[in-house]
Amino acid sequence: MANANVRVRFCPSPTGNPHVGLVRTALFNWAYARHTGGTMVFRIEDTDAARDSEESYRQLLDSLRWLGLDWDEGPEVGGPHAPYRQSERMDLYRDVAGKLLAAGHAYRCYCTALELEARRDAARAAGRPSGYDGTCRDLTEEQRAAFEADGRESIVRFRMPDEPITFTDLVRGELTFTPDNVPDFGIVRANGAPLYTLVNPVDDALMEITHVLRGEDLLSSTPRQIALYRALIELGLAKEIPAFGHLPYVMGEGNKKLSKRDPQSSLNLYRERGFLPEGLLNYLSLLGWSFSADQDVFTVPEMIERFDVADVNANPARFDLKKAESINGDHIRMLDVKAFTEACEPWLTAPHANWAPESFDRAKWEAIAPYAQTRLTVLSDITANVDFLFLDAPVEDEASWAKAMKGDPAALLTTAREKLDAADWTSAESLKEAVLAAGEAHGLKLGKAQAPVRVAVTGRTVGLPLFESLEILGRERTLARVDAALARLTA
Ligand code: GLU
Ligand code: ZN
């Protein structure tokens, strides 16, 4: 449904490499913004100087650009709520924390780590809730002054209401959190550094975010954020509490949550293997959402047209690499040949190409590209599929050799060579007939007869359609390779 008032945000912390869970969150926010005609806000939550890095920041921007997930407000784009990097908004947070303290929504907590720990252990032992126990909630002026005089440090703690907090999650329906489960929480460190618990909802409020769509791992922070929002509304700093939707967990191998550290979850890996952005986005959109009951391959515009948070499924999603590859293969086939050849370009040059740059033959590449396009699931496979055209001698894959050359194919190869020599080299069909005839002469079906030829010519047992490959390689080079294989067999 069109709703230009929708404002969503993607607000990662720049730590480590972008991972698929993060991209799924970005995608769902973006698709919802584009579906509704609303606004996509991109904010960088870099308030943890010890963990944040400029390298990670740069990678985040680069990844979103590569995927085509653009933003209407944020870094490099600007917008009415700039700056969009939290490290540049510290004065703002200090100001809000001051107002929360002054209004009594927050208070200074002087408990030391040791004291907190001792009381937590005691509460646990007694079977009571073990969160912060409210010791400093209602300190008198004198008590406070005494702590300050002692030189005690203090954090700022938010005062949670004593009633339960209920909200309707866009994905999970109505949820209620009781006060026992959501104790007062820190919002500013003793050194004055504001925490995620403060800066995230404060920025959502100031940036007028209407829908918070994020991973289920953040569900426990939602009641706190709602309480903080209420305080901000009272102070005139926020207008309305946003709607929340928590996207389901993504499970990896062995039914364990896919973790950031899982190699399978690294976005760069998919990029390096030659996933197309649209193939990857198609697959990632299926982690918690579906396009229709009988179609799981679709374009990004088609996704945008249908995407609604209300249709996101609360059940954990399963990450299935095979399916991701198969969907990517379908997207490779949806390209026109020109786009396909261009997309392969990085894998036909250094550092991927295993041939000398001057051996590359564009005419041969363009002749074979349409056949490659029917086979690949990831673009990086192109190198090994076409290198036989550009190398002086094919890569010798020993496992392929052992498999295809068992028995004694020398006699077969000799016949195949004769028939190929006499064949019409402008026709793949004629080359096929030559190998077929050679097989017949030795009592072999085509499949068995062509395997030694393929390994002799390309070095591998699997590859692109063989007879088209031979035609493109040419008579002289094909026959020379059969000769070389025969020499090896008879040595
Ligand atoms: N910076 C937080 C994170 O990356 C954002 C969480 C949120 O979406 O509220 O986990
Ligand atoms: Zn305290």
# chains A, B, ... in the order shown; residues from 1 in each chain; ligands from 1
call {"tool": "residues_near_ligand", "arguments": {"ligand": "ligand 1", "cutoff": "8 Å", "atoms": "only C-alpha atoms and all ligand atoms", "output": "count of residues only"}}
result
18
call {"tool": "residues_near_ligand", "arguments": {"ligand": "ligand 2", "cutoff": "7 Å", "atoms": "only C-alpha atoms and all ligand atoms", "output": "list in words"}}
result
Cys109, Tyr110, Cys111, Gly134, Thr135 and Cys136 of chain A
call {"tool": "residues_around", "arguments": {"residues": "A:Asn17", "least_positions_apart": "4", "cutoff": "12 Å", "atoms": "only C-alpha atoms", "output": "count of residues only"}}
result
26
call {"tool": "closest_residue", "arguments": {"among": "A:Arg128, A:Lys239, A:Arg417, A:Arg224", "to": "A:Ile209", "atoms": "only C-alpha atoms"}}
result
A:Lys239
call {"tool": "select_by_dssp", "arguments": {"residues": "stretch 427-456 of chain A", "states": "alpha helix (DSSP H)", "output": "MDAnalysis selection string"}}
result
chainID A and resid 428:441 446:456
call {"tool": "write_last_selection", "arguments": {"atoms": "N, CA and C atoms", "output": "short mmCIF file (atom, residue, chain, number, x, y, z; two decimals), in the first residue's frame"}}
result
data_model
loop_
_atom_site.label_atom_id
_atom_site.label_comp_id
_atom_site.auth_asym_id
_atom_site.auth_seq_id
_atom_site.Cartn_x
_atom_site.Cartn_y
_atom_site.Cartn_z
N ALA A 428 29.55 -28.33 -35.04
CA ALA A 428 29.69 -29.11 -33.81
C ALA A 428 29.03 -30.48 -33.98
N GLU A 429 27.98 -30.51 -34.78
CA GLU A 429 27.26 -31.76 -35.02
C GLU A 429 28.18 -32.78 -35.70
N SER A 430 28.97 -32.30 -36.65
CA SER A 430 29.90 -33.18 -37.36
C SER A 430 30.96 -33.73 -36.39
N LEU A 431 31.39 -32.90 -35.44
CA LEU A 431 32.39 -33.35 -34.46
C LEU A 431 31.78 -34.39 -33.53
N LYS A 432 30.54 -34.18 -33.23
CA LYS A 432 29.85 -35.15 -32.37
C LYS A 432 29.76 -36.49 -33.11
N GLU A 433 29.41 -36.44 -34.38
CA GLU A 433 29.32 -37.69 -35.15
C GLU A 433 30.67 -38.39 -35.21
N ALA A 434 31.73 -37.63 -35.29
CA ALA A 434 33.06 -38.24 -35.34
C ALA A 434 33.34 -39.03 -34.06
N VAL A 435 33.04 -38.43 -32.91
CA VAL A 435 33.31 -39.11 -31.65
C VAL A 435 32.34 -40.28 -31.45
N LEU A 436 31.11 -40.08 -31.91
CA LEU A 436 30.12 -41.15 -31.84
C LEU A 436 30.60 -42.37 -32.64
N ALA A 437 31.10 -42.10 -33.83
CA ALA A 437 31.57 -43.19 -34.71
C ALA A 437 32.78 -43.88 -34.08
N ALA A 438 33.66 -43.10 -33.50
CA ALA A 438 34.83 -43.70 -32.85
C ALA A 438 34.39 -44.60 -31.70
N GLY A 439 33.41 -44.15 -30.95
CA GLY A 439 32.88 -44.95 -29.84
C GLY A 439 32.30 -46.26 -30.37
N GLU A 440 31.52 -46.16 -31.44
CA GLU A 440 30.89 -47.36 -32.01
C GLU A 440 31.94 -48.38 -32.43
N ALA A 441 33.02 -47.88 -33.00
CA ALA A 441 34.08 -48.78 -33.46
C ALA A 441 34.69 -49.56 -32.29
N LEU A 446 28.24 -42.88 -26.57
CA LEU A 446 28.81 -41.54 -26.72
C LEU A 446 29.39 -41.00 -25.40
N GLY A 447 28.62 -41.17 -24.30
CA GLY A 447 29.06 -40.63 -23.00
C GLY A 447 30.43 -41.16 -22.62
N LYS A 448 30.63 -42.47 -22.80
CA LYS A 448 31.91 -43.10 -22.45
C LYS A 448 33.01 -42.68 -23.43
N ALA A 449 32.62 -42.53 -24.68
CA ALA A 449 33.62 -42.20 -25.71
C ALA A 449 34.09 -40.75 -25.59
N GLN A 450 33.20 -39.88 -25.15
CA GLN A 450 33.61 -38.47 -25.15
C GLN A 450 34.42 -38.06 -23.92
N ALA A 451 34.33 -38.87 -22.84
CA ALA A 451 35.02 -38.48 -21.61
C ALA A 451 36.54 -38.34 -21.81
N PRO A 452 37.21 -39.33 -22.44
CA PRO A 452 38.67 -39.15 -22.64
C PRO A 452 38.98 -37.97 -23.56
N VAL A 453 38.11 -37.72 -24.52
CA VAL A 453 38.34 -36.58 -25.43
C VAL A 453 38.25 -35.28 -24.63
N ARG A 454 37.23 -35.22 -23.79
CA ARG A 454 37.06 -34.00 -23.00
C ARG A 454 38.27 -33.75 -22.09
N VAL A 455 38.71 -34.80 -21.43
CA VAL A 455 39.85 -34.61 -20.51
C VAL A 455 41.12 -34.27 -21.30
N ALA A 456 41.30 -34.90 -22.44
CA ALA A 456 42.47 -34.58 -23.27
C ALA A 456 42.47 -33.11 -23.68
#
call {"tool": "residues_around", "arguments": {"residues": "A:Leu175", "least_positions_apart": "5", "cutoff": "9 Å", "atoms": "only C-alpha atoms", "output": "PyMOL selection string"}}
result
chain A and resi 165-169
call {"tool": "closest_residue", "arguments": {"among": "A:Leu473, A:Leu413, A:Val312, A:Ala339", "to": "A:Trp365", "atoms": "only C-alpha atoms"}}
result
A:Leu473
call {"tool": "closest_residue", "arguments": {"among": "A:Ala238, A:Ala145, A:Val20, A:Leu479", "to": "A:Met207", "atoms": "only C-alpha atoms"}}
result
A:Ala238
call {"tool": "closest_residue", "arguments": {"among": "A:Ala227, A:Ile472, A:Ala125, A:Val77", "to": "A:Ala369", "atoms": "only C-alpha atoms"}}
result
A:Ile472
call {"tool": "closest_residue", "arguments": {"among": "A:Asp180, A:Asp424, A:Glu396, A:Glu302", "to": "A:Ser130", "atoms": "only C-alpha atoms"}}
result
A:Asp180
